[in-house]
$ cat target_31.cif   # mmCIF, C-alpha atoms
data_model
#
loop_
_atom_site.label_atom_id
_atom_site.label_comp_id
_atom_site.auth_asym_id
_atom_site.auth_seq_id
_atom_site.Cartn_x
_atom_site.Cartn_y
_atom_site.Cartn_z
CA MET V 1173 -1.87 -6.31 -3.07
CA SER V 1174 -3.63 -5.37 0.13
CA THR V 1175 -3.60 -7.74 3.09
CA ALA V 1176 -5.44 -5.31 5.36
CA PRO V 1177 -8.27 -6.86 7.36
CA ARG V 1178 -11.79 -6.73 5.95
CA VAL V 1179 -15.03 -7.02 7.88
CA GLN V 1180 -18.15 -8.19 6.08
CA ALA V 1181 -20.36 -6.08 8.35
CA ALA V 1182 -18.59 -2.95 7.10
CA LYS V 1183 -19.77 -3.48 3.54
CA ARG V 1184 -23.19 -1.93 3.99
CA ASP V 1185 -25.01 1.34 3.41
CA TRP V 1186 -23.78 3.78 6.08
CA GLY V 1187 -25.90 6.65 4.83
CA HIS V 1188 -25.70 9.26 2.10
CA ASP V 1189 -24.57 12.43 3.91
CA THR V 1190 -21.46 13.58 2.05
CA SER V 1191 -20.93 16.73 4.14
CA GLY V 1192 -17.19 17.21 4.62
CA CYS V 1193 -16.39 13.95 2.81
CA ASN V 1194 -13.81 15.38 0.42
CA ILE V 1195 -11.21 12.60 0.63
CA LEU V 1196 -11.20 9.67 -1.78
CA HIS V 1197 -8.90 6.68 -1.49
CA VAL V 1198 -8.62 4.79 -4.77
CA ASP V 1199 -7.03 1.34 -4.80
CA MET V 1200 -6.72 -0.91 -7.84
CA ASP V 1201 -7.93 -4.46 -7.37
CA ALA V 1202 -5.12 -7.03 -7.69
CA PHE V 1203 -3.41 -4.53 -9.99
CA TYR V 1204 -0.52 -6.55 -11.46
CA ALA V 1205 -2.62 -9.69 -11.90
CA SER V 1206 -5.55 -7.73 -13.34
CA LEU V 1207 -3.30 -6.03 -15.90
CA GLU V 1208 -2.01 -9.42 -17.04
CA VAL V 1209 -5.58 -10.62 -17.51
CA ALA V 1210 -6.38 -7.42 -19.41
CA ARG V 1211 -3.71 -8.20 -22.01
CA HIS V 1212 -4.21 -11.99 -21.81
CA PRO V 1213 -8.02 -12.45 -21.61
CA GLU V 1214 -7.61 -16.22 -21.78
CA LEU V 1215 -6.32 -16.07 -18.18
CA LYS V 1216 -9.59 -14.69 -16.82
CA GLY V 1217 -10.94 -16.81 -13.95
CA LYS V 1218 -7.67 -18.69 -13.47
CA PRO V 1219 -5.50 -18.50 -10.32
CA LEU V 1220 -2.83 -16.07 -11.51
CA ILE V 1221 0.35 -15.45 -9.55
CA ILE V 1222 2.92 -12.78 -10.43
CA GLY V 1223 6.38 -14.05 -9.57
CA THR V 1224 8.58 -16.81 -10.96
CA GLY V 1225 11.73 -18.60 -9.93
CA ASN V 1226 12.45 -20.71 -6.90
CA ARG V 1227 14.19 -17.81 -5.16
CA ALA V 1228 11.49 -15.22 -5.81
CA VAL V 1229 8.53 -14.04 -3.78
CA VAL V 1230 4.98 -13.40 -4.94
CA SER V 1231 4.47 -9.82 -6.13
CA ALA V 1232 0.72 -10.15 -6.67
CA ALA V 1233 -2.02 -12.74 -6.90
CA SER V 1234 -5.47 -12.75 -8.46
CA TYR V 1235 -8.48 -13.26 -6.22
CA GLU V 1236 -8.76 -16.80 -7.58
CA ALA V 1237 -5.22 -17.51 -6.35
CA ARG V 1238 -5.89 -15.88 -2.98
CA ALA V 1239 -8.64 -18.44 -2.41
CA TYR V 1240 -5.82 -21.01 -2.15
CA GLY V 1241 -4.03 -18.97 0.50
CA VAL V 1242 -1.52 -17.30 -1.82
CA ASN V 1243 -0.48 -13.80 -0.69
CA SER V 1244 2.06 -11.19 -1.68
CA ALA V 1245 5.61 -11.52 -0.26
CA MET V 1246 5.09 -15.29 0.03
CA PRO V 1247 7.92 -17.43 -1.39
CA VAL V 1248 7.01 -18.62 -4.88
CA VAL V 1249 7.91 -22.17 -3.83
CA LYS V 1250 5.23 -22.06 -1.13
CA ALA V 1251 2.73 -20.54 -3.57
CA ARG V 1252 3.34 -23.45 -5.96
CA ASN V 1253 2.67 -25.91 -3.17
CA LEU V 1254 -0.56 -24.16 -2.20
CA CYS V 1255 -1.73 -23.68 -5.77
CA PRO V 1256 0.02 -26.12 -8.13
CA GLN V 1257 -2.53 -25.40 -10.87
CA GLY V 1258 -1.78 -21.68 -10.73
CA VAL V 1259 -0.50 -19.70 -13.70
CA PHE V 1260 2.84 -18.10 -12.77
CA LEU V 1261 4.00 -15.07 -14.74
CA PRO V 1262 7.14 -12.92 -14.41
CA VAL V 1263 6.88 -9.39 -13.03
CA ASP V 1264 6.66 -6.75 -15.77
CA ILE V 1265 7.29 -3.47 -13.94
CA PRO V 1266 7.67 -1.30 -17.08
CA TYR V 1267 4.20 -2.39 -18.24
CA TYR V 1268 2.55 -1.89 -14.84
CA SER V 1269 4.24 1.49 -14.39
CA SER V 1270 3.19 2.75 -17.83
CA VAL V 1271 -0.46 1.86 -17.22
CA SER V 1272 -0.30 3.42 -13.75
CA LYS V 1273 1.11 6.63 -15.21
CA SER V 1274 -1.70 6.75 -17.76
CA ILE V 1275 -4.38 6.20 -15.10
CA PHE V 1276 -3.00 8.96 -12.89
CA GLU V 1277 -2.64 11.43 -15.74
CA ASN V 1278 -5.85 10.71 -17.66
CA ILE V 1279 -8.26 9.94 -14.81
CA PHE V 1280 -7.17 11.09 -11.35
CA LEU V 1281 -5.56 14.36 -12.46
CA HIS V 1282 -8.55 15.03 -14.70
CA ILE V 1283 -10.55 15.54 -11.50
CA THR V 1284 -8.10 17.54 -9.39
CA ASN V 1285 -4.40 18.23 -8.98
CA GLN V 1286 -4.72 17.35 -5.30
CA VAL V 1287 -3.65 13.74 -5.82
CA GLU V 1288 -1.26 12.00 -3.45
CA LYS V 1289 0.34 8.95 -5.03
CA VAL V 1290 0.86 6.26 -2.41
CA SER V 1291 2.08 3.58 -4.79
CA VAL V 1292 1.78 2.45 -8.39
CA ASP V 1293 -1.82 1.34 -7.78
CA GLU V 1294 -3.10 3.56 -4.97
CA CYS V 1295 -3.75 7.22 -4.25
CA TYR V 1296 -5.60 9.76 -2.12
CA MET V 1297 -7.56 12.60 -3.70
CA ASN V 1298 -8.86 15.77 -2.07
CA VAL V 1299 -11.82 16.64 -4.30
CA LYS V 1300 -13.12 19.67 -2.40
CA SER V 1301 -12.28 22.06 -5.22
CA ALA V 1302 -13.89 19.75 -7.79
CA LEU V 1303 -17.28 19.55 -6.09
CA LEU V 1304 -18.54 22.73 -7.76
CA GLN V 1305 -18.42 20.84 -11.04
CA TRP V 1306 -19.10 17.29 -9.88
CA LYS V 1307 -21.63 18.11 -7.10
CA SER V 1308 -20.84 15.02 -5.04
CA PRO V 1309 -17.77 12.89 -4.18
CA VAL V 1310 -19.93 9.86 -4.99
CA ASN V 1311 -20.26 11.11 -8.57
CA ILE V 1312 -16.49 11.39 -8.77
CA GLY V 1313 -15.89 7.91 -7.36
CA THR V 1314 -18.46 6.42 -9.75
CA TRP V 1315 -16.82 8.12 -12.74
CA VAL V 1316 -13.32 7.05 -11.72
CA ARG V 1317 -14.38 3.40 -11.43
CA LYS V 1318 -16.20 3.55 -14.77
CA GLU V 1319 -13.25 5.13 -16.60
CA VAL V 1320 -10.70 2.70 -15.14
CA PHE V 1321 -12.81 -0.26 -16.22
CA GLU V 1322 -13.73 1.00 -19.68
CA LYS V 1323 -10.28 2.27 -20.65
CA TYR V 1324 -8.01 -0.27 -18.96
CA HIS V 1325 -10.28 -3.31 -18.43
CA ILE V 1326 -9.42 -3.56 -14.73
CA THR V 1327 -11.35 -2.60 -11.60
CA CYS V 1328 -10.65 -0.41 -8.61
CA SER V 1329 -12.26 0.20 -5.24
CA VAL V 1330 -13.00 3.63 -3.78
CA GLY V 1331 -13.40 4.80 -0.19
CA ILE V 1332 -15.00 8.18 0.53
CA ALA V 1333 -14.71 9.90 3.90
CA ASN V 1334 -13.70 13.10 5.64
CA ASN V 1335 -10.13 11.90 6.33
CA LYS V 1336 -7.44 9.64 4.90
CA PHE V 1337 -7.61 6.92 7.54
CA ILE V 1338 -11.33 6.30 7.17
CA ALA V 1339 -11.20 6.62 3.36
CA LYS V 1340 -8.49 3.94 3.12
CA MET V 1341 -10.32 1.65 5.51
CA ALA V 1342 -13.47 2.17 3.44
CA SER V 1343 -11.80 1.26 0.15
CA THR V 1344 -10.28 -1.84 1.75
CA ASN V 1345 -13.69 -3.01 2.89
CA ALA V 1346 -15.30 -2.12 -0.46
CA LYS V 1347 -13.04 -4.59 -2.29
CA PRO V 1348 -13.19 -5.96 -4.83
CA ASN V 1349 -14.71 -3.56 -7.34
CA GLY V 1350 -16.77 -1.53 -4.88
CA MET V 1351 -17.26 1.89 -3.39
CA LEU V 1352 -18.03 2.78 0.21
CA LEU V 1353 -19.07 6.15 1.63
CA ILE V 1354 -18.63 6.70 5.36
CA PRO V 1355 -20.46 9.85 6.53
CA GLN V 1356 -18.44 11.81 9.07
CA LYS V 1357 -20.92 11.11 11.87
CA CYS V 1358 -20.36 7.36 11.36
CA ASN V 1359 -16.57 7.39 11.71
CA GLU V 1360 -16.43 6.02 15.25
CA ASP V 1361 -19.06 3.35 14.62
CA PHE V 1362 -17.26 2.26 11.46
CA VAL V 1363 -13.89 1.93 13.20
CA SER V 1364 -15.44 0.18 16.21
CA ILE V 1365 -16.35 -2.95 14.22
CA MET V 1366 -12.77 -3.41 12.98
CA PRO V 1367 -10.21 -5.80 14.51
CA LEU V 1368 -7.32 -4.27 16.43
CA ARG V 1369 -4.84 -4.97 13.62
CA ALA V 1370 -6.79 -2.60 11.37
CA ILE V 1371 -5.63 0.32 13.51
CA PRO V 1372 -2.39 1.96 12.27
CA GLY V 1373 0.59 1.09 14.44
CA ILE V 1374 -0.97 -2.03 15.97
CA GLY V 1375 0.83 -5.21 14.98
CA SER V 1376 0.93 -8.70 16.45
CA SER V 1377 3.37 -7.87 19.27
CA LEU V 1378 1.38 -4.83 20.40
CA ILE V 1379 -1.84 -6.83 20.23
CA HIS V 1380 -0.36 -9.21 22.80
CA LYS V 1381 0.56 -6.29 25.06
CA LEU V 1382 -2.92 -4.82 24.76
CA GLU V 1383 -4.50 -8.18 25.54
CA ASP V 1384 -2.37 -8.38 28.69
CA TRP V 1385 -4.10 -5.15 29.72
CA GLY V 1386 -7.50 -6.66 28.95
CA LEU V 1387 -7.85 -4.68 25.72
CA SER V 1388 -8.95 -6.89 22.86
CA THR V 1389 -11.32 -4.68 20.84
CA VAL V 1390 -11.32 -1.22 19.33
CA THR V 1391 -14.24 -0.31 21.59
CA SER V 1392 -12.23 -1.24 24.69
CA LEU V 1393 -9.34 0.95 23.48
CA LYS V 1394 -11.66 3.97 23.38
CA ASN V 1395 -11.92 3.76 27.17
CA VAL V 1396 -8.16 4.18 27.62
CA ASP V 1397 -6.56 7.61 27.96
CA GLU V 1398 -3.43 8.70 26.14
CA ALA V 1399 -1.22 8.46 29.22
CA THR V 1400 -2.10 4.78 29.67
CA LEU V 1401 -1.62 4.09 25.97
CA THR V 1402 1.82 5.67 26.23
CA ARG V 1403 2.71 3.33 29.09
CA ILE V 1404 1.54 0.32 27.07
CA THR V 1405 3.20 1.26 23.78
CA GLY V 1406 6.26 3.03 25.13
CA SER V 1407 5.77 5.78 22.57
CA GLN V 1408 3.87 9.01 23.01
CA ILE V 1409 3.60 9.45 19.24
CA LEU V 1410 2.19 5.96 18.71
CA ALA V 1411 -0.18 6.38 21.64
CA ARG V 1412 -1.49 9.62 20.15
CA MET V 1413 -2.03 7.99 16.75
CA ILE V 1414 -3.94 5.06 18.27
CA TYR V 1415 -5.98 7.37 20.52
CA GLN V 1416 -7.12 9.36 17.49
CA SER V 1417 -7.58 6.41 15.14
CA VAL V 1418 -9.99 4.49 17.37
CA ARG V 1419 -12.12 7.64 17.38
CA GLY V 1420 -11.98 7.92 13.60
CA ILE V 1421 -9.73 10.99 13.69
CA ASP V 1422 -6.90 11.63 11.21
CA GLU V 1423 -5.39 15.08 10.87
CA ARG V 1424 -3.12 14.27 7.92
CA THR V 1425 -3.74 16.19 4.73
CA VAL V 1426 -3.50 15.05 1.12
CA THR V 1427 0.00 15.94 -0.08
CA ALA V 1428 0.01 16.34 -3.84
CA HIS V 1429 3.79 16.31 -4.27
CA THR V 1430 5.62 13.99 -1.92
CA PRO V 1431 9.41 14.04 -2.30
CA GLU V 1432 11.14 10.68 -2.57
CA LYS V 1433 12.49 9.48 0.75
CA SER V 1434 14.61 6.61 -0.49
CA ILE V 1435 16.17 5.06 -3.58
CA GLY V 1436 17.24 1.44 -3.67
CA SER V 1437 18.62 -1.47 -5.65
CA GLU V 1438 18.62 -5.16 -4.85
CA ARG V 1439 19.69 -8.52 -6.27
CA THR V 1440 18.59 -12.08 -5.60
CA LEU V 1441 21.15 -14.80 -6.22
CA ASP V 1442 20.16 -17.95 -8.10
CA THR V 1443 21.83 -20.03 -5.38
CA ASP V 1444 23.02 -19.38 -1.83
CA THR V 1445 26.62 -18.25 -1.51
CA THR V 1446 29.27 -17.75 1.14
CA ASP V 1447 31.68 -16.20 -1.38
CA GLU V 1448 32.66 -12.84 0.11
CA ASN V 1449 34.04 -11.54 -3.19
CA ALA V 1450 30.80 -12.34 -5.02
CA VAL V 1451 28.79 -10.51 -2.38
CA LYS V 1452 31.10 -7.49 -2.53
CA GLN V 1453 30.75 -7.39 -6.30
CA LEU V 1454 26.96 -7.36 -5.97
CA LEU V 1455 27.19 -4.57 -3.40
CA GLN V 1456 29.35 -2.58 -5.80
CA GLN V 1457 26.75 -2.99 -8.54
CA CYS V 1458 23.93 -1.90 -6.23
CA CYS V 1459 25.90 1.13 -5.03
CA SER V 1460 26.62 2.11 -8.62
CA GLU V 1461 22.94 1.84 -9.59
CA VAL V 1462 21.72 3.82 -6.58
CA THR V 1463 24.21 6.64 -6.99
CA GLN V 1464 23.46 6.81 -10.72
CA GLN V 1465 19.78 7.27 -9.86
CA LEU V 1466 20.73 9.98 -7.39
CA ARG V 1467 22.74 11.84 -10.00
CA ASN V 1468 20.00 11.48 -12.62
CA ARG V 1469 17.49 13.05 -10.24
CA LYS V 1470 19.94 15.65 -8.93
CA LEU V 1471 19.66 14.27 -5.40
CA MET V 1472 22.12 13.37 -2.66
CA ALA V 1473 21.87 11.03 0.32
CA ARG V 1474 23.41 10.69 3.77
CA THR V 1475 22.00 7.46 5.18
CA ILE V 1476 22.88 4.12 3.58
CA THR V 1477 20.98 0.98 4.55
CA LEU V 1478 22.02 -2.56 3.69
CA LYS V 1479 19.46 -5.37 3.79
CA LEU V 1480 20.75 -8.93 3.69
CA ARG V 1481 18.27 -11.74 3.11
CA PHE V 1482 19.09 -15.37 3.87
CA GLY V 1483 17.98 -18.62 2.31
CA ASP V 1484 15.02 -18.99 4.66
CA LEU V 1485 13.88 -15.44 3.67
CA HIS V 1486 14.58 -13.83 7.06
CA TYR V 1487 16.73 -10.72 6.80
CA VAL V 1488 18.85 -8.30 8.77
CA THR V 1489 19.49 -4.60 8.13
CA ARG V 1490 22.33 -2.26 8.98
CA SER V 1491 22.44 1.51 8.46
CA SER V 1492 25.20 4.10 8.41
CA THR V 1493 24.82 7.89 8.24
CA LEU V 1494 27.59 9.84 6.52
CA GLN V 1495 28.81 13.20 7.77
CA ASN V 1496 27.86 14.84 4.47
CA ALA V 1497 25.30 13.97 1.79
CA THR V 1498 26.80 12.52 -1.39
CA ASP V 1499 26.03 10.97 -4.77
CA SER V 1500 29.49 9.40 -5.10
CA THR V 1501 29.69 5.67 -5.81
CA HIS V 1502 33.15 5.59 -4.22
CA GLU V 1503 31.88 7.09 -0.96
CA PHE V 1504 28.94 4.69 -0.87
#

$ encode --input "target_31.cif" --output "structure tokens"
Amino acid sequence: MSTAPRVQAAKRDWGHDTSGCNILHVDMDAFYASLEVARHPELKGKPLIIGTGNRAVVSAASYEARAYGVNSAMPVVKARNLCPQGVFLPVDIPYYSSVSKSIFENIFLHITNQVEKVSVDECYMNVKSALLQWKSPVNIGTWVRKEVFEKYHITCSVGIANNKFIAKMASTNAKPNGMLLIPQKCNEDFVSIMPLRAIPGIGSSLIHKLEDWGLSTVTSLKNVDEATLTRITGSQILARMIYQSVRGIDERTVTAHTPEKSIGSERTLDTDTTDENAVKQLLQQCCSEVTQQLRNRKLMARTITLKLRFGDLHYVTRSSTLQNATDSTHEF
């Protein structure tokens, strides 16, 4: 469920020049909620919220529920207060994952093998090699949207551009159930109408820093050199990313096979506890599950991270890096 900023002015015709626009970003619309409506048509038009239990958080919400202010990662208790008439359903990961797998295999990979899976409901596609057959990336985006709707009874939004950053921003602003082409020559103009928080790496704390420097728009950031951005952000890497992003530049390529970077397991207690033994037992279970996954996938890990969430939903993390990689439950 995307919470990225959208700008109404962005949802317009930017032109039809597809030269160099080989990158598609495909994002399902309210994926979990839409799949529930697909198998329960009687829920269509109702505020649907995926997540149950007083200790849980919202995994997804239909657009009808979002109109009440319900968003992903929000405590279910708060969602019930905002939308008491909402329909709350439990998360069904096996179902969502199976449909996702089918969409990737039968639609995305039908076009090209250059598909980078970002999540269960989102991907990048480099369609350069497919253009000989399909002629235009717009034709591909149109077909993808049609197939997803006809075969799975859900919708998706597609962004088309010459790089990943602009393509993702385009799909975000095409939502819901839309497609947006940004010709390469329009990249800077397209980015310039976005709020600062739409730029990768810019969060609320950095926005305050930028405002202290008199920088409150993307256009104003374009007048700042990399050295100054480094002073403001304290990071040369972040400064470089922002410098390029406000100019519509993204040098990242579509990576068809991205190795897993982490494996995890978590538990949410029904009630708060201060029982150390109970917590240790849960940790043991989580360690056992993670190491079993490692062994099943013939992987090993060195860095272990523990995340502890409290009753008010704030959390702390601690990490430890072992001398040697392992898949041993005992060592974890």

$ resolve_selection --input "target_31.cif" --expression "the PyMOL selection byres ((chain V and resi 1427) around 8)" --output "ChimeraX atom specification"
/V:1286-1288,1425-1426,1428-1430

$ resolve_selection --input "target_31.cif" --expression "the PyMOL selection byres ((chain V and resi 1190-1199) around 7)" --output "CSV table (one decimal) with C-alpha atoms, keeping the file's coordinate frame"
chain,number,residue,atom,x,y,z
V,1188,HIS,CA,-25.7,9.3,2.1
V,1189,ASP,CA,-24.6,12.4,3.9
V,1200,MET,CA,-6.7,-0.9,-7.8
V,1201,ASP,CA,-7.9,-4.5,-7.4
V,1293,ASP,CA,-1.8,1.3,-7.8
V,1294,GLU,CA,-3.1,3.6,-5.0
V,1295,CYS,CA,-3.8,7.2,-4.2
V,1296,TYR,CA,-5.6,9.8,-2.1
V,1297,MET,CA,-7.6,12.6,-3.7
V,1298,ASN,CA,-8.9,15.8,-2.1
V,1299,VAL,CA,-11.8,16.6,-4.3
V,1300,LYS,CA,-13.1,19.7,-2.4
V,1309,PRO,CA,-17.8,12.9,-4.2
V,1328,CYS,CA,-10.6,-0.4,-8.6
V,1329,SER,CA,-12.3,0.2,-5.2
V,1330,VAL,CA,-13.0,3.6,-3.8
V,1331,GLY,CA,-13.4,4.8,-0.2
V,1332,ILE,CA,-15.0,8.2,0.5
V,1333,ALA,CA,-14.7,9.9,3.9
V,1334,ASN,CA,-13.7,13.1,5.6
V,1335,ASN,CA,-10.1,11.9,6.3
V,1336,LYS,CA,-7.4,9.6,4.9
V,1339,ALA,CA,-11.2,6.6,3.4
V,1340,LYS,CA,-8.5,3.9,3.1
V,1343,SER,CA,-11.8,1.3,0.2
V,1355,PRO,CA,-20.5,9.8,6.5
V,1356,GLN,CA,-18.4,11.8,9.1

$ residues_around --input "target_31.cif" --residues "Arg1474 of chain V" --least-positions-apart "6" --cutoff "9 Å" --atoms "all atoms listed in the file" --output "list in words"
Ser1492, Thr1493, Leu1494, Gln1495, Asn1496, Ala1497, Thr1498 and Asp1499 of chain V

$ write_last_selection --input "target_31.cif" --atoms "C-alpha atoms" --output "PDB file, keeping the file's coordinate frame"
ATOM      1  CA  SER V1492      25.200   4.100   8.410  1.00  0.00           C
ATOM      2  CA  THR V1493      24.820   7.890   8.240  1.00  0.00           C
ATOM      3  CA  LEU V1494      27.590   9.840   6.520  1.00  0.00           C
ATOM      4  CA  GLN V1495      28.810  13.200   7.770  1.00  0.00           C
ATOM      5  CA  ASN V1496      27.860  14.840   4.470  1.00  0.00           C
ATOM      6  CA  ALA V1497      25.300  13.970   1.790  1.00  0.00           C
ATOM      7  CA  THR V1498      26.800  12.520  -1.390  1.00  0.00           C
ATOM      8  CA  ASP V1499      26.030  10.970  -4.770  1.00  0.00           C
TER       9      ASP V1499
END

$ residues_around --input "target_31.cif" --residues "Val1292 of chain V" --least-positions-apart "5" --cutoff "12 Å" --atoms "all atoms listed in the file" --output "list in words"
Met1173, Val1198, Asp1199, Met1200, Asp1201, Ala1202, Phe1203, Tyr1204, Ile1265, Pro1266, Tyr1267, Tyr1268, Ser1269, Ser1270, Val1271, Ser1272, Lys1273, Ser1274, Ile1275 and Phe1276 of chain V

$ write_last_selection --input "target_31.cif" --atoms "C-alpha atoms" --output "PDB file, in the frame of the given file"
ATOM      1  CA  MET V1173      -1.870  -6.310  -3.070  1.00  0.00           C
ATOM      2  CA  VAL V1198      -8.620   4.790  -4.770  1.00  0.00           C
ATOM      3  CA  ASP V1199      -7.030   1.340  -4.800  1.00  0.00           C
ATOM      4  CA  MET V1200      -6.720  -0.910  -7.840  1.00  0.00           C
ATOM      5  CA  ASP V1201      -7.930  -4.460  -7.370  1.00  0.00           C
ATOM      6  CA  ALA V1202      -5.120  -7.030  -7.690  1.00  0.00           C
ATOM      7  CA  PHE V1203      -3.410  -4.530  -9.990  1.00  0.00           C
ATOM      8  CA  TYR V1204      -0.520  -6.550 -11.460  1.00  0.00           C
ATOM      9  CA  ILE V1265       7.290  -3.470 -13.940  1.00  0.00           C
ATOM     10  CA  PRO V1266       7.670  -1.300 -17.080  1.00  0.00           C
ATOM     11  CA  TYR V1267       4.200  -2.390 -18.240  1.00  0.00           C
ATOM     12  CA  TYR V1268       2.550  -1.890 -14.840  1.00  0.00           C
ATOM     13  CA  SER V1269       4.240   1.490 -14.390  1.00  0.00           C
ATOM     14  CA  SER V1270       3.190   2.750 -17.830  1.00  0.00           C
ATOM     15  CA  VAL V1271      -0.460   1.860 -17.220  1.00  0.00           C
ATOM     16  CA  SER V1272      -0.300   3.420 -13.750  1.00  0.00           C
ATOM     17  CA  LYS V1273       1.110   6.630 -15.210  1.00  0.00           C
ATOM     18  CA  SER V1274      -1.700   6.750 -17.760  1.00  0.00           C
ATOM     19  CA  ILE V1275      -4.380   6.200 -15.100  1.00  0.00           C
ATOM     20  CA  PHE V1276      -3.000   8.960 -12.890  1.00  0.00           C
TER      21      PHE V1276
END

$ closest_residue --input "target_31.cif" --among "V:Ile1414, V:Arg1184, V:Val1316, V:Arg1252" --to "Leu1352 of chain V" --atoms "all atoms listed in the file"
V:Arg1184

$ resolve_selection --input "target_31.cif" --expression "the PyMOL selection byres ((chain V and resi 1437) around 9)" --output "MDAnalysis selection string"
chainID V and resid 1435:1436 1438:1439 1457:1459 1461:1462

$ axis_aligned_box --input "target_31.cif" --around "segment 1183-1200 of chain V" --padding-each-side "8 Å" --output "JSON"
{"center_x": -16.3, "center_y": 6.9, "center_z": -0.9, "size_x": 35.2, "size_y": 36.7, "size_z": 29.9}

$ closest_residue --input "target_31.cif" --among "V:His1502, V:Lys1381, V:His1325, V:Arg1317" --to "Arg1211 of chain V" --atoms "only C-alpha atoms"
V:His1325

$ atom_distance --input "target_31.cif" --atom1 "atom CA of Ile1326 of chain V" --atom2 "atom CA of Met1341 of chain V"
20.9 Å

$ atom_distance --input "target_31.cif" --atom1 "atom CA of Tyr1324 of chain V" --atom2 "atom CA of Phe1280 of chain V"
13.7 Å

$ residues_near_point --input "target_31.cif" --point "(7.5, -9.8, -14.1)" --cutoff "12 Å" --atoms "all atoms listed in the file" --output "PyMOL selection string"
chain V and resi 1204-1205+1207-1208+1221-1225+1228-1232+1260-1269

$ atom_distance --input "target_31.cif" --atom1 "atom CA of Val1418 of chain V" --atom2 "atom CA of Asn1311 of chain V"
28.7 Å

$ closest_residue --input "target_31.cif" --among "V:Met1351, V:Ile1338, V:Leu1471, V:Ile1371" --to "Pro1177 of chain V" --atoms "all atoms listed in the file"
V:Ile1371

$ residues_around --input "target_31.cif" --residues "Val1242 of chain V" --least-positions-apart "3" --cutoff "7 Å" --atoms "all atoms listed in the file" --output "ChimeraX atom specification"
/V:1233,1237-1238,1251,1254

$ closest_residue --input "target_31.cif" --among "V:Leu1480, V:Ala1473, V:Ala1342, V:Leu1368" --to "Lys1183 of chain V" --atoms "all atoms listed in the file"
V:Ala1342

$ closest_residue --input "target_31.cif" --among "V:Ser1377, V:Gly1241, V:Val1363, V:Leu1455" --to "Asn1345 of chain V" --atoms "all atoms listed in the file"
V:Val1363
